[in-house]
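Student: Here it is, the structure in full.
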Amino acid sequence: LFEIKAQGACCGTVGMAMTPLIGRGLRAVSVQQPATLVGGTPALRHSAVPSSWTSSHSQRSFNSCGSGPLAAACATATALGSRRALRRSLATSTARRAANLGGQLDVSAYYAAPKDEATKDWVMQQTMFRVKDPKRSLDFYTKVLGMQLITVGDFPQWGFTVFFVGYPPEKDLGPVPENDADKFAYCMKVPGCVELTWNHGSEAEDADRVYNTGNADSTGSKDGEAVKGGFGHIGITVPDVYAACQRFKDMGAEFTKSPNAGGMKGLAFVKDPDGYLVEVLPLGKGFPFPTQDTDCCGVSLSGGEGYADNSKKK
């Protein structure tokens, strides 16, 4: 994010400084003349803006701003309008390109790309969920899914507490330290943790679920209509999906898809107490996945409905 400050206006040229609003340590740059078109809108370079350049969206040109303090304000407004137009144009052109993919994308260049040595020790360490009631969430993740509570961070001054749960690779990292001071550092080495964030007081709200899960969920929407959310689910892998799902059913878990339901067989989805989806997949198996004739919910292998897009499901 930037704020744009006019530095002067003289006979059709305007020098402007773009000062970062986030990261003040970044160097300031000067807006320059329009160059190549990006999505039909001029992209900005680093030199004086010619007086003849007119924003097609604002219908105002820099040389129509006059001179003096009002000219600086006019130039600033014009530049801001051009930047907003650029963002709109980029969004439109991106949508247009996405629509033209026809369901296909060549990913060979991504597979062939060399590993970035600068990121070789980085870890995808956590996904954060806001939860209503920390006890019921911890019960689900530790007792039903069998994760371990690795570390807890309590921040009473800000009114929230975080609980990190996961499956620590003890053969690589050793056991979770007993000393609280060492637990957080250990946790930061564990891939794929779930950070359960409890905002103090949410447990007392009347609704059973208070956070939107992203899957055509109406929770939290102002008009009560379902939201087409971007978030889908987290996932775990298990040696036997059918046995794991029988365990989940026996422990009262809510299913949105049992292993034989839907178009894709041999995988399942359960909900955590707040409604977030957890996908259950077979460990180390390729597609098609191993199947059984009947699953924990009594659905036969030939039964169940076809594939459903959860982002659109009502």
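Here, A, B, ... name the chains of the structure tokens in the order displayed, residue numbers run from 1 inside each chain, and ligands are numbered from 1 in the same displayed order.
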Would you pick out the contacts of region 232-247 of chain A at 7 Å or less, using only C-alpha atoms, so that residues sharing its chain but fewer than 3 positions from it are not included, and give the list as a list in words?
Tutor: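 Non-adjacent residues within range: Gly214, Asn215, Asp250, Met251, Pro259, Gly266, Leu267, Tyr276, Leu277, Val278, Glu279, Val280, Leu281, Pro282, Leu283, Asp295 and Cys296 of chain A.
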Student: Quick one: residues within 10 Å of Ser218 (chain A), only C-alpha atoms, excluding same-chain residues fewer than 6 positions away - as a PyMOL selection string?
Tutor: chain A and resi 211-212+224-229+314
Student: Write the residues you've just listed into a file as a PDB file, in the first residue's frame, and include all heavy atoms for each of them.
Tutor:
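Now in out.pdb:
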ATOM      1  N   TYR A 211     -18.154 -19.082  13.251  1.00  0.00           N
ATOM      2  CA  TYR A 211     -17.205 -18.684  12.211  1.00  0.00           C
ATOM      3  C   TYR A 211     -17.551 -19.344  10.881  1.00  0.00           C
ATOM      4  O   TYR A 211     -17.924 -20.519  10.835  1.00  0.00           O
ATOM      5  CB  TYR A 211     -15.772 -19.052  12.608  1.00  0.00           C
ATOM      6  CG  TYR A 211     -15.290 -18.339  13.846  1.00  0.00           C
ATOM      7  CD1 TYR A 211     -15.041 -19.041  15.032  1.00  0.00           C
ATOM      8  CD2 TYR A 211     -15.083 -16.955  13.835  1.00  0.00           C
ATOM      9  CE1 TYR A 211     -14.598 -18.384  16.176  1.00  0.00           C
ATOM     10  CE2 TYR A 211     -14.644 -16.287  14.966  1.00  0.00           C
ATOM     11  CZ  TYR A 211     -14.405 -17.001  16.142  1.00  0.00           C
ATOM     12  OH  TYR A 211     -13.970 -16.334  17.265  1.00  0.00           O
ATOM     13  N   ASN A 212     -17.389 -18.573   9.796  1.00  0.00           N
ATOM     14  CA  ASN A 212     -17.657 -19.103   8.467  1.00  0.00           C
ATOM     15  C   ASN A 212     -16.537 -20.054   8.053  1.00  0.00           C
ATOM     16  O   ASN A 212     -15.364 -19.744   8.202  1.00  0.00           O
ATOM     17  CB  ASN A 212     -17.764 -17.950   7.459  1.00  0.00           C
ATOM     18  CG  ASN A 212     -18.347 -18.391   6.143  1.00  0.00           C
ATOM     19  OD1 ASN A 212     -17.674 -19.039   5.342  1.00  0.00           O
ATOM     20  ND2 ASN A 212     -19.592 -18.025   5.903  1.00  0.00           N
ATOM     21  N   GLY A 224     -27.669 -13.563   5.660  1.00  0.00           N
ATOM     22  CA  GLY A 224     -28.056 -14.941   5.928  1.00  0.00           C
ATOM     23  C   GLY A 224     -27.895 -15.881   4.746  1.00  0.00           C
ATOM     24  O   GLY A 224     -28.226 -17.063   4.839  1.00  0.00           O
ATOM     25  N   GLU A 225     -27.366 -15.348   3.622  1.00  0.00           N
ATOM     26  CA  GLU A 225     -27.161 -16.180   2.445  1.00  0.00           C
ATOM     27  C   GLU A 225     -25.795 -16.860   2.500  1.00  0.00           C
ATOM     28  O   GLU A 225     -24.856 -16.349   3.091  1.00  0.00           O
ATOM     29  CB  GLU A 225     -27.256 -15.326   1.176  1.00  0.00           C
ATOM     30  CG  GLU A 225     -28.631 -14.734   0.918  1.00  0.00           C
ATOM     31  CD  GLU A 225     -29.674 -15.799   0.628  1.00  0.00           C
ATOM     32  OE1 GLU A 225     -29.333 -16.776  -0.075  1.00  0.00           O
ATOM     33  OE2 GLU A 225     -30.818 -15.665   1.099  1.00  0.00           O
ATOM     34  N   ALA A 226     -25.721 -18.034   1.872  1.00  0.00           N
ATOM     35  CA  ALA A 226     -24.462 -18.769   1.849  1.00  0.00           C
ATOM     36  C   ALA A 226     -23.404 -17.992   1.069  1.00  0.00           C
ATOM     37  O   ALA A 226     -23.702 -17.334   0.075  1.00  0.00           O
ATOM     38  CB  ALA A 226     -24.665 -20.147   1.228  1.00  0.00           C
ATOM     39  N   VAL A 227     -22.164 -18.079   1.528  1.00  0.00           N
ATOM     40  CA  VAL A 227     -21.047 -17.385   0.914  1.00  0.00           C
ATOM     41  C   VAL A 227     -20.244 -18.383   0.085  1.00  0.00           C
ATOM     42  O   VAL A 227     -19.957 -19.494   0.532  1.00  0.00           O
ATOM     43  CB  VAL A 227     -20.131 -16.768   1.993  1.00  0.00           C
ATOM     44  CG1 VAL A 227     -18.894 -16.143   1.365  1.00  0.00           C
ATOM     45  CG2 VAL A 227     -20.897 -15.739   2.806  1.00  0.00           C
ATOM     46  N   LYS A 228     -19.881 -17.998  -1.140  1.00  0.00           N
ATOM     47  CA  LYS A 228     -19.001 -18.831  -1.953  1.00  0.00           C
ATOM     48  C   LYS A 228     -17.581 -18.591  -1.477  1.00  0.00           C
ATOM     49  O   LYS A 228     -16.865 -17.729  -1.957  1.00  0.00           O
ATOM     50  CB  LYS A 228     -19.138 -18.492  -3.440  1.00  0.00           C
ATOM     51  CG  LYS A 228     -18.292 -19.382  -4.343  1.00  0.00           C
ATOM     52  CD  LYS A 228     -18.458 -19.025  -5.806  1.00  0.00           C
ATOM     53  CE  LYS A 228     -17.589 -19.911  -6.692  1.00  0.00           C
ATOM     54  NZ  LYS A 228     -17.723 -19.572  -8.123  1.00  0.00           N
ATOM     55  N   GLY A 229     -17.156 -19.384  -0.508  1.00  0.00           N
ATOM     56  CA  GLY A 229     -15.858 -19.170   0.118  1.00  0.00           C
ATOM     57  C   GLY A 229     -14.725 -19.815  -0.638  1.00  0.00           C
ATOM     58  O   GLY A 229     -14.916 -20.728  -1.443  1.00  0.00           O
ATOM     59  N   LYS A 314     -25.593 -25.813  -1.314  1.00  0.00           N
ATOM     60  CA  LYS A 314     -26.447 -25.052  -0.394  1.00  0.00           C
ATOM     61  C   LYS A 314     -26.817 -25.920   0.805  1.00  0.00           C
ATOM     62  O   LYS A 314     -26.993 -27.110   0.677  1.00  0.00           O
ATOM     63  CB  LYS A 314     -27.728 -24.631  -1.114  1.00  0.00           C
ATOM     64  CG  LYS A 314     -27.467 -23.678  -2.291  1.00  0.00           C
ATOM     65  CD  LYS A 314     -27.050 -22.308  -1.803  1.00  0.00           C
ATOM     66  CE  LYS A 314     -26.937 -21.335  -2.951  1.00  0.00           C
ATOM     67  NZ  LYS A 314     -26.645 -19.980  -2.533  1.00  0.00           N
TER      68      LYS A 314
END
Student: I need the residue nearest Gly220 (chain A) from this list: A:Phe160, A:Pro273, A:Ala207, A:Pro134. Use only C-alpha atoms for the distance.
Tutor: A:Ala207
Student: Find the distance between CA of Pro168 (chain A) and CA of Leu149 (chain A) and write it in Å to one decimal.
Tutor: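 The value is 9.6 Å.
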Student: Residues near region 177-189 of chain A, anyone? I mean within 8 Å using only C-alpha atoms, not counting same-chain ones fewer than 6 positions away, as a tab-separated table (two decimals) with N, CA, C and O atoms, in the first residue's frame.
Tutor:
chain	number	residue	atom	x	y	z
A	123	VAL	N	9.41	-24.62	6.07
A	123	VAL	CA	8.43	-25.66	6.41
A	123	VAL	C	7.03	-25.07	6.33
A	123	VAL	O	6.79	-23.96	6.82
A	125	GLN	N	4.13	-24.97	8.06
A	125	GLN	CA	4.06	-25.35	9.47
A	125	GLN	C	2.65	-25.34	10.06
A	125	GLN	O	2.36	-26.12	10.96
A	150	ILE	N	0.77	-29.74	21.22
A	150	ILE	CA	2.22	-29.54	21.22
A	150	ILE	C	2.62	-28.34	22.07
A	150	ILE	O	3.56	-28.40	22.86
A	151	THR	N	1.91	-27.22	21.91
A	151	THR	CA	2.24	-26.04	22.69
A	151	THR	C	1.02	-25.14	22.78
A	151	THR	O	0.10	-25.23	21.95
A	152	VAL	N	1.01	-24.28	23.79
A	152	VAL	CA	-0.09	-23.34	24.01
A	152	VAL	C	0.50	-21.95	24.18
A	152	VAL	O	1.52	-21.77	24.86
A	164	PHE	N	-1.61	-25.31	19.54
A	164	PHE	CA	-1.05	-25.97	18.36
A	164	PHE	C	-1.17	-27.49	18.53
A	164	PHE	O	-0.65	-28.06	19.49
Student: Among region 71-258 of chain A, which residues does DSSP mark as strand (DSSP E) when it is run on the backbone? Keep the chain and numbering as in the structure and answer as a compact mmCIF listing (two decimals) with all heavy atoms, in the first residue's frame.
Tutor:
# COMPACT_ATOMS: atom_id res chain seq x y z
N GLN A 126 1.76 -24.47 9.58
CA GLN A 126 0.48 -24.39 10.27
C GLN A 126 -0.64 -23.87 9.39
O GLN A 126 -0.42 -23.18 8.40
CB GLN A 126 0.59 -23.47 11.49
CG GLN A 126 0.87 -22.03 11.11
CD GLN A 126 1.07 -21.12 12.30
OE1 GLN A 126 0.15 -20.38 12.68
NE2 GLN A 126 2.25 -21.18 12.89
N THR A 127 -1.86 -24.25 9.78
CA THR A 127 -3.09 -23.63 9.30
C THR A 127 -3.85 -23.19 10.54
O THR A 127 -3.95 -23.94 11.52
CB THR A 127 -3.94 -24.63 8.50
OG1 THR A 127 -3.24 -25.00 7.32
CG2 THR A 127 -5.28 -24.02 8.11
N MET A 128 -4.37 -21.97 10.51
CA MET A 128 -5.06 -21.45 11.70
C MET A 128 -6.58 -21.46 11.52
O MET A 128 -7.09 -21.01 10.50
CB MET A 128 -4.59 -20.03 12.01
CG MET A 128 -5.12 -19.47 13.33
SD MET A 128 -6.74 -18.69 13.23
CE MET A 128 -6.29 -17.00 12.93
N PHE A 129 -7.27 -22.01 12.52
CA PHE A 129 -8.73 -21.96 12.60
C PHE A 129 -9.13 -21.18 13.85
O PHE A 129 -8.57 -21.41 14.92
CB PHE A 129 -9.34 -23.37 12.74
CG PHE A 129 -9.25 -24.24 11.53
CD1 PHE A 129 -9.29 -25.62 11.67
CD2 PHE A 129 -9.17 -23.70 10.26
CE1 PHE A 129 -9.22 -26.44 10.55
CE2 PHE A 129 -9.10 -24.50 9.14
CZ PHE A 129 -9.13 -25.89 9.29
N ARG A 130 -10.09 -20.29 13.70
CA ARG A 130 -10.72 -19.70 14.88
C ARG A 130 -11.80 -20.65 15.36
O ARG A 130 -12.58 -21.16 14.56
CB ARG A 130 -11.32 -18.33 14.55
CG ARG A 130 -10.28 -17.29 14.18
CD ARG A 130 -10.91 -15.94 13.85
NE ARG A 130 -9.88 -14.98 13.46
CZ ARG A 130 -9.45 -14.82 12.22
NH1 ARG A 130 -9.97 -15.54 11.22
NH2 ARG A 130 -8.49 -13.95 11.94
N VAL A 131 -11.83 -20.90 16.66
CA VAL A 131 -12.78 -21.87 17.20
C VAL A 131 -13.61 -21.21 18.30
O VAL A 131 -13.14 -20.31 19.00
CB VAL A 131 -12.07 -23.12 17.75
CG1 VAL A 131 -11.27 -23.80 16.63
CG2 VAL A 131 -11.14 -22.79 18.92
N GLN A 148 -1.60 -34.58 18.84
CA GLN A 148 -1.06 -34.20 20.14
C GLN A 148 -1.15 -32.69 20.32
O GLN A 148 -0.98 -31.94 19.34
CB GLN A 148 0.42 -34.60 20.26
CG GLN A 148 0.67 -36.08 20.43
CD GLN A 148 2.16 -36.35 20.58
OE1 GLN A 148 2.81 -36.88 19.67
NE2 GLN A 148 2.71 -35.99 21.73
N LEU A 149 -1.42 -32.28 21.54
CA LEU A 149 -1.28 -30.85 21.86
C LEU A 149 0.21 -30.60 22.05
O LEU A 149 0.84 -31.20 22.94
CB LEU A 149 -2.05 -30.51 23.14
CG LEU A 149 -1.87 -29.07 23.64
CD1 LEU A 149 -2.37 -28.06 22.62
CD2 LEU A 149 -2.58 -28.88 24.98
N ILE A 150 0.77 -29.74 21.22
CA ILE A 150 2.22 -29.54 21.22
C ILE A 150 2.62 -28.34 22.07
O ILE A 150 3.56 -28.40 22.86
CB ILE A 150 2.74 -29.37 19.79
CG1 ILE A 150 2.36 -30.60 18.95
CG2 ILE A 150 4.26 -29.17 19.78
CD1 ILE A 150 2.68 -30.46 17.47
N THR A 151 1.91 -27.22 21.91
CA THR A 151 2.24 -26.04 22.69
C THR A 151 1.02 -25.14 22.78
O THR A 151 0.10 -25.23 21.95
CB THR A 151 3.43 -25.27 22.08
OG1 THR A 151 3.88 -24.24 22.99
CG2 THR A 151 3.06 -24.62 20.76
N VAL A 152 1.01 -24.28 23.79
CA VAL A 152 -0.09 -23.34 24.01
C VAL A 152 0.50 -21.95 24.18
O VAL A 152 1.52 -21.77 24.86
CB VAL A 152 -0.90 -23.70 25.28
CG1 VAL A 152 -2.00 -22.67 25.53
CG2 VAL A 152 -1.49 -25.10 25.16
N GLY A 153 -0.12 -20.97 23.54
CA GLY A 153 0.28 -19.58 23.72
C GLY A 153 -0.90 -18.78 24.25
O GLY A 153 -1.94 -18.70 23.60
N ASP A 154 -0.74 -18.21 25.44
CA ASP A 154 -1.82 -17.47 26.09
C ASP A 154 -1.50 -15.98 26.05
O ASP A 154 -0.43 -15.57 26.50
CB ASP A 154 -2.00 -17.95 27.53
CG ASP A 154 -3.28 -17.44 28.16
OD1 ASP A 154 -4.25 -17.17 27.43
OD2 ASP A 154 -3.32 -17.31 29.40
N PHE A 155 -2.43 -15.19 25.52
CA PHE A 155 -2.21 -13.75 25.39
C PHE A 155 -3.39 -13.00 25.99
O PHE A 155 -4.22 -12.43 25.27
CB PHE A 155 -2.02 -13.39 23.91
CG PHE A 155 -0.89 -14.12 23.25
CD1 PHE A 155 -1.12 -15.32 22.58
CD2 PHE A 155 0.40 -13.62 23.31
CE1 PHE A 155 -0.07 -16.00 21.97
CE2 PHE A 155 1.46 -14.30 22.71
CZ PHE A 155 1.22 -15.50 22.04
N PHE A 160 -6.84 -13.53 23.60
CA PHE A 160 -6.93 -14.78 22.86
C PHE A 160 -5.85 -15.76 23.32
O PHE A 160 -4.84 -15.39 23.92
CB PHE A 160 -6.83 -14.55 21.35
CG PHE A 160 -5.46 -14.16 20.85
CD1 PHE A 160 -4.55 -15.13 20.43
CD2 PHE A 160 -5.08 -12.83 20.77
CE1 PHE A 160 -3.29 -14.78 19.95
CE2 PHE A 160 -3.83 -12.46 20.28
CZ PHE A 160 -2.93 -13.45 19.88
N THR A 161 -6.11 -17.03 23.03
CA THR A 161 -5.19 -18.12 23.32
C THR A 161 -5.09 -19.00 22.09
O THR A 161 -6.08 -19.21 21.39
CB THR A 161 -5.67 -18.96 24.52
OG1 THR A 161 -5.84 -18.11 25.66
CG2 THR A 161 -4.69 -20.08 24.86
N VAL A 162 -3.88 -19.50 21.81
CA VAL A 162 -3.68 -20.39 20.66
C VAL A 162 -3.19 -21.75 21.15
O VAL A 162 -2.39 -21.84 22.08
CB VAL A 162 -2.70 -19.79 19.63
CG1 VAL A 162 -3.27 -18.52 19.01
CG2 VAL A 162 -1.34 -19.50 20.26
N PHE A 163 -3.70 -22.80 20.49
CA PHE A 163 -3.34 -24.17 20.80
C PHE A 163 -2.84 -24.83 19.52
O PHE A 163 -3.57 -24.90 18.53
CB PHE A 163 -4.55 -24.95 21.33
CG PHE A 163 -5.28 -24.27 22.46
CD1 PHE A 163 -6.27 -23.32 22.19
CD2 PHE A 163 -5.01 -24.57 23.79
CE1 PHE A 163 -6.96 -22.70 23.21
CE2 PHE A 163 -5.69 -23.95 24.83
CZ PHE A 163 -6.66 -23.00 24.54
N PHE A 164 -1.61 -25.31 19.54
CA PHE A 164 -1.05 -25.97 18.36
C PHE A 164 -1.17 -27.49 18.53
O PHE A 164 -0.65 -28.06 19.49
CB PHE A 164 0.41 -25.59 18.17
CG PHE A 164 0.63 -24.20 17.66
CD1 PHE A 164 0.68 -23.12 18.53
CD2 PHE A 164 0.78 -23.96 16.29
CE1 PHE A 164 0.88 -21.84 18.06
CE2 PHE A 164 0.98 -22.67 15.81
CZ PHE A 164 1.02 -21.61 16.69
N VAL A 165 -1.86 -28.12 17.58
CA VAL A 165 -2.00 -29.57 17.60
C VAL A 165 -1.45 -30.14 16.29
O VAL A 165 -1.41 -29.46 15.26
CB VAL A 165 -3.48 -30.00 17.78
CG1 VAL A 165 -4.01 -29.58 19.14
CG2 VAL A 165 -4.36 -29.41 16.66
N GLY A 166 -1.04 -31.41 16.34
CA GLY A 166 -0.51 -32.02 15.13
C GLY A 166 0.01 -33.41 15.40
O GLY A 166 -0.20 -33.99 16.47
N CYS A 193 0.89 -28.43 11.31
CA CYS A 193 0.13 -28.26 12.55
C CYS A 193 -1.17 -27.49 12.28
O CYS A 193 -1.31 -26.79 11.27
CB CYS A 193 0.94 -27.49 13.58
SG CYS A 193 2.34 -28.39 14.27
N VAL A 194 -2.11 -27.64 13.20
CA VAL A 194 -3.31 -26.82 13.19
C VAL A 194 -3.24 -25.90 14.40
O VAL A 194 -3.04 -26.36 15.53
CB VAL A 194 -4.59 -27.67 13.25
CG1 VAL A 194 -5.84 -26.77 13.27
CG2 VAL A 194 -4.65 -28.64 12.07
N GLU A 195 -3.37 -24.61 14.16
CA GLU A 195 -3.38 -23.63 15.24
C GLU A 195 -4.84 -23.28 15.54
O GLU A 195 -5.52 -22.65 14.73
CB GLU A 195 -2.62 -22.37 14.83
CG GLU A 195 -2.63 -21.28 15.89
CD GLU A 195 -2.01 -19.98 15.41
OE1 GLU A 195 -1.67 -19.90 14.21
OE2 GLU A 195 -1.90 -19.04 16.22
N LEU A 196 -5.32 -23.72 16.68
CA LEU A 196 -6.69 -23.44 17.10
C LEU A 196 -6.67 -22.15 17.90
O LEU A 196 -6.05 -22.08 18.97
CB LEU A 196 -7.22 -24.60 17.95
CG LEU A 196 -7.19 -25.98 17.28
CD1 LEU A 196 -7.55 -27.06 18.29
CD2 LEU A 196 -8.13 -26.03 16.09
N THR A 197 -7.32 -21.13 17.39
CA THR A 197 -7.31 -19.81 18.03
C THR A 197 -8.64 -19.55 18.73
O THR A 197 -9.70 -19.57 18.10
CB THR A 197 -7.04 -18.70 17.00
OG1 THR A 197 -5.75 -18.91 16.43
CG2 THR A 197 -7.09 -17.33 17.65
N TRP A 198 -8.57 -19.33 20.01
CA TRP A 198 -9.75 -19.06 20.84
C TRP A 198 -9.75 -17.60 21.24
O TRP A 198 -8.90 -17.14 21.99
CB TRP A 198 -9.73 -19.96 22.08
CG TRP A 198 -10.73 -19.60 23.14
CD1 TRP A 198 -12.02 -19.21 22.94
CD2 TRP A 198 -10.51 -19.60 24.55
NE1 TRP A 198 -12.64 -18.97 24.16
CE2 TRP A 198 -11.73 -19.20 25.17
CE3 TRP A 198 -9.42 -19.90 25.36
CZ2 TRP A 198 -11.87 -19.11 26.55
CZ3 TRP A 198 -9.56 -19.81 26.74
CH2 TRP A 198 -10.78 -19.41 27.32
N ASN A 199 -10.69 -16.84 20.69
CA ASN A 199 -10.91 -15.46 21.12
C ASN A 199 -11.81 -15.49 22.35
O ASN A 199 -12.96 -15.92 22.28
CB ASN A 199 -11.55 -14.66 19.99
CG ASN A 199 -10.59 -14.44 18.84
OD1 ASN A 199 -9.52 -13.87 19.01
ND2 ASN A 199 -10.95 -14.91 17.66
N ASN A 215 -17.20 -23.06 3.01
CA ASN A 215 -17.84 -24.04 2.12
C ASN A 215 -19.34 -23.77 2.01
O ASN A 215 -20.16 -24.45 2.63
CB ASN A 215 -17.58 -25.46 2.63
CG ASN A 215 -16.14 -25.86 2.44
OD1 ASN A 215 -15.66 -26.02 1.32
ND2 ASN A 215 -15.42 -26.00 3.54
N ALA A 216 -19.69 -22.78 1.19
CA ALA A 216 -21.09 -22.39 1.01
C ALA A 216 -21.78 -22.27 2.36
O ALA A 216 -22.87 -22.77 2.58
CB ALA A 216 -21.82 -23.40 0.12
N ASP A 217 -21.12 -21.58 3.28
CA ASP A 217 -21.57 -21.43 4.65
C ASP A 217 -22.23 -20.06 4.82
O ASP A 217 -21.71 -19.05 4.34
CB ASP A 217 -20.35 -21.56 5.56
CG ASP A 217 -20.68 -21.63 7.04
OD1 ASP A 217 -21.86 -21.44 7.39
OD2 ASP A 217 -19.76 -21.86 7.84
N VAL A 227 -22.16 -18.08 1.53
CA VAL A 227 -21.05 -17.38 0.91
C VAL A 227 -20.24 -18.38 0.08
O VAL A 227 -19.96 -19.49 0.53
CB VAL A 227 -20.13 -16.77 1.99
CG1 VAL A 227 -18.89 -16.14 1.36
CG2 VAL A 227 -20.90 -15.74 2.81
N LYS A 228 -19.88 -18.00 -1.14
CA LYS A 228 -19.00 -18.83 -1.95
C LYS A 228 -17.58 -18.59 -1.48
O LYS A 228 -16.87 -17.73 -1.96
CB LYS A 228 -19.14 -18.49 -3.44
CG LYS A 228 -18.29 -19.38 -4.34
CD LYS A 228 -18.46 -19.03 -5.81
CE LYS A 228 -17.59 -19.91 -6.69
NZ LYS A 228 -17.72 -19.57 -8.12
N HIS A 233 -10.66 -27.19 2.96
CA HIS A 233 -10.48 -28.17 4.03
C HIS A 233 -9.00 -28.36 4.34
O HIS A 233 -8.13 -27.93 3.59
CB HIS A 233 -11.06 -29.52 3.61
CG HIS A 233 -10.42 -30.09 2.37
ND1 HIS A 233 -10.91 -29.85 1.10
CD2 HIS A 233 -9.32 -30.86 2.19
CE1 HIS A 233 -10.15 -30.45 0.20
NE2 HIS A 233 -9.16 -31.07 0.83
N ILE A 234 -8.73 -29.02 5.45
CA ILE A 234 -7.42 -29.59 5.71
C ILE A 234 -7.53 -31.08 5.44
O ILE A 234 -8.64 -31.60 5.18
CB ILE A 234 -6.93 -29.32 7.15
CG1 ILE A 234 -7.88 -29.97 8.18
CG2 ILE A 234 -6.80 -27.83 7.39
CD1 ILE A 234 -7.34 -29.94 9.59
N GLY A 235 -6.43 -31.81 5.47
CA GLY A 235 -6.49 -33.23 5.20
C GLY A 235 -5.51 -34.02 6.04
O GLY A 235 -4.42 -33.52 6.38
N ILE A 236 -5.89 -35.25 6.39
CA ILE A 236 -4.98 -36.17 7.06
C ILE A 236 -4.91 -37.45 6.24
O ILE A 236 -5.84 -37.77 5.48
CB ILE A 236 -5.43 -36.49 8.51
CG1 ILE A 236 -6.79 -37.20 8.50
CG2 ILE A 236 -5.48 -35.22 9.35
CD1 ILE A 236 -7.21 -37.73 9.87
N THR A 237 -3.82 -38.18 6.36
CA THR A 237 -3.70 -39.48 5.71
C THR A 237 -3.62 -40.56 6.77
O THR A 237 -2.98 -40.39 7.82
CB THR A 237 -2.47 -39.54 4.80
OG1 THR A 237 -1.29 -39.22 5.54
CG2 THR A 237 -2.59 -38.56 3.64
N VAL A 238 -4.25 -41.70 6.51
CA VAL A 238 -4.32 -42.81 7.45
C VAL A 238 -4.07 -44.11 6.70
O VAL A 238 -4.33 -44.21 5.50
CB VAL A 238 -5.70 -42.86 8.14
CG1 VAL A 238 -5.95 -41.57 8.95
CG2 VAL A 238 -6.82 -43.03 7.11
N GLU A 254 -19.23 -35.99 12.71
CA GLU A 254 -20.22 -35.69 11.67
C GLU A 254 -19.57 -35.83 10.30
O GLU A 254 -18.53 -35.22 10.02
CB GLU A 254 -20.74 -34.26 11.86
CG GLU A 254 -21.73 -33.82 10.80
CD GLU A 254 -22.16 -32.37 10.95
OE1 GLU A 254 -21.81 -31.75 11.98
OE2 GLU A 254 -22.84 -31.86 10.04
N PHE A 255 -20.16 -36.62 9.43
CA PHE A 255 -19.64 -36.83 8.09
C PHE A 255 -20.36 -35.93 7.08
O PHE A 255 -21.57 -35.76 7.15
CB PHE A 255 -19.84 -38.28 7.64
CG PHE A 255 -18.88 -39.26 8.27
CD1 PHE A 255 -19.13 -39.79 9.53
CD2 PHE A 255 -17.73 -39.65 7.61
CE1 PHE A 255 -18.26 -40.68 10.11
CE2 PHE A 255 -16.84 -40.55 8.18
CZ PHE A 255 -17.10 -41.07 9.44
N THR A 256 -19.60 -35.38 6.14
CA THR A 256 -20.23 -34.79 4.96
C THR A 256 -20.07 -35.73 3.77
O THR A 256 -20.80 -35.61 2.79
CB THR A 256 -19.60 -33.43 4.60
OG1 THR A 256 -18.21 -33.59 4.35
CG2 THR A 256 -19.80 -32.43 5.73
N LYS A 257 -19.12 -36.64 3.86
CA LYS A 257 -18.95 -37.68 2.85
C LYS A 257 -18.29 -38.89 3.49
O LYS A 257 -17.18 -38.80 4.01
CB LYS A 257 -18.08 -37.19 1.68
CG LYS A 257 -17.85 -38.25 0.60
CD LYS A 257 -16.72 -37.86 -0.32
CE LYS A 257 -16.42 -38.94 -1.35
NZ LYS A 257 -16.15 -40.27 -0.78
Student: Just how far from CA of Asp293 (chain A) is CA of Phe248 (chain A), in Å to one decimal?
Tutor: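 We find that CA of Phe248 (chain A) and CA of Asp293 (chain A) lie 18.5 Å from each other.
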Student: Would you mind reading off the distance between CA of Gly103 (chain A) and CA of Asn260 (chain A), one decimal, in Å?
Tutor: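 Rounded to one decimal, the two atoms are 26.4 Å apart.
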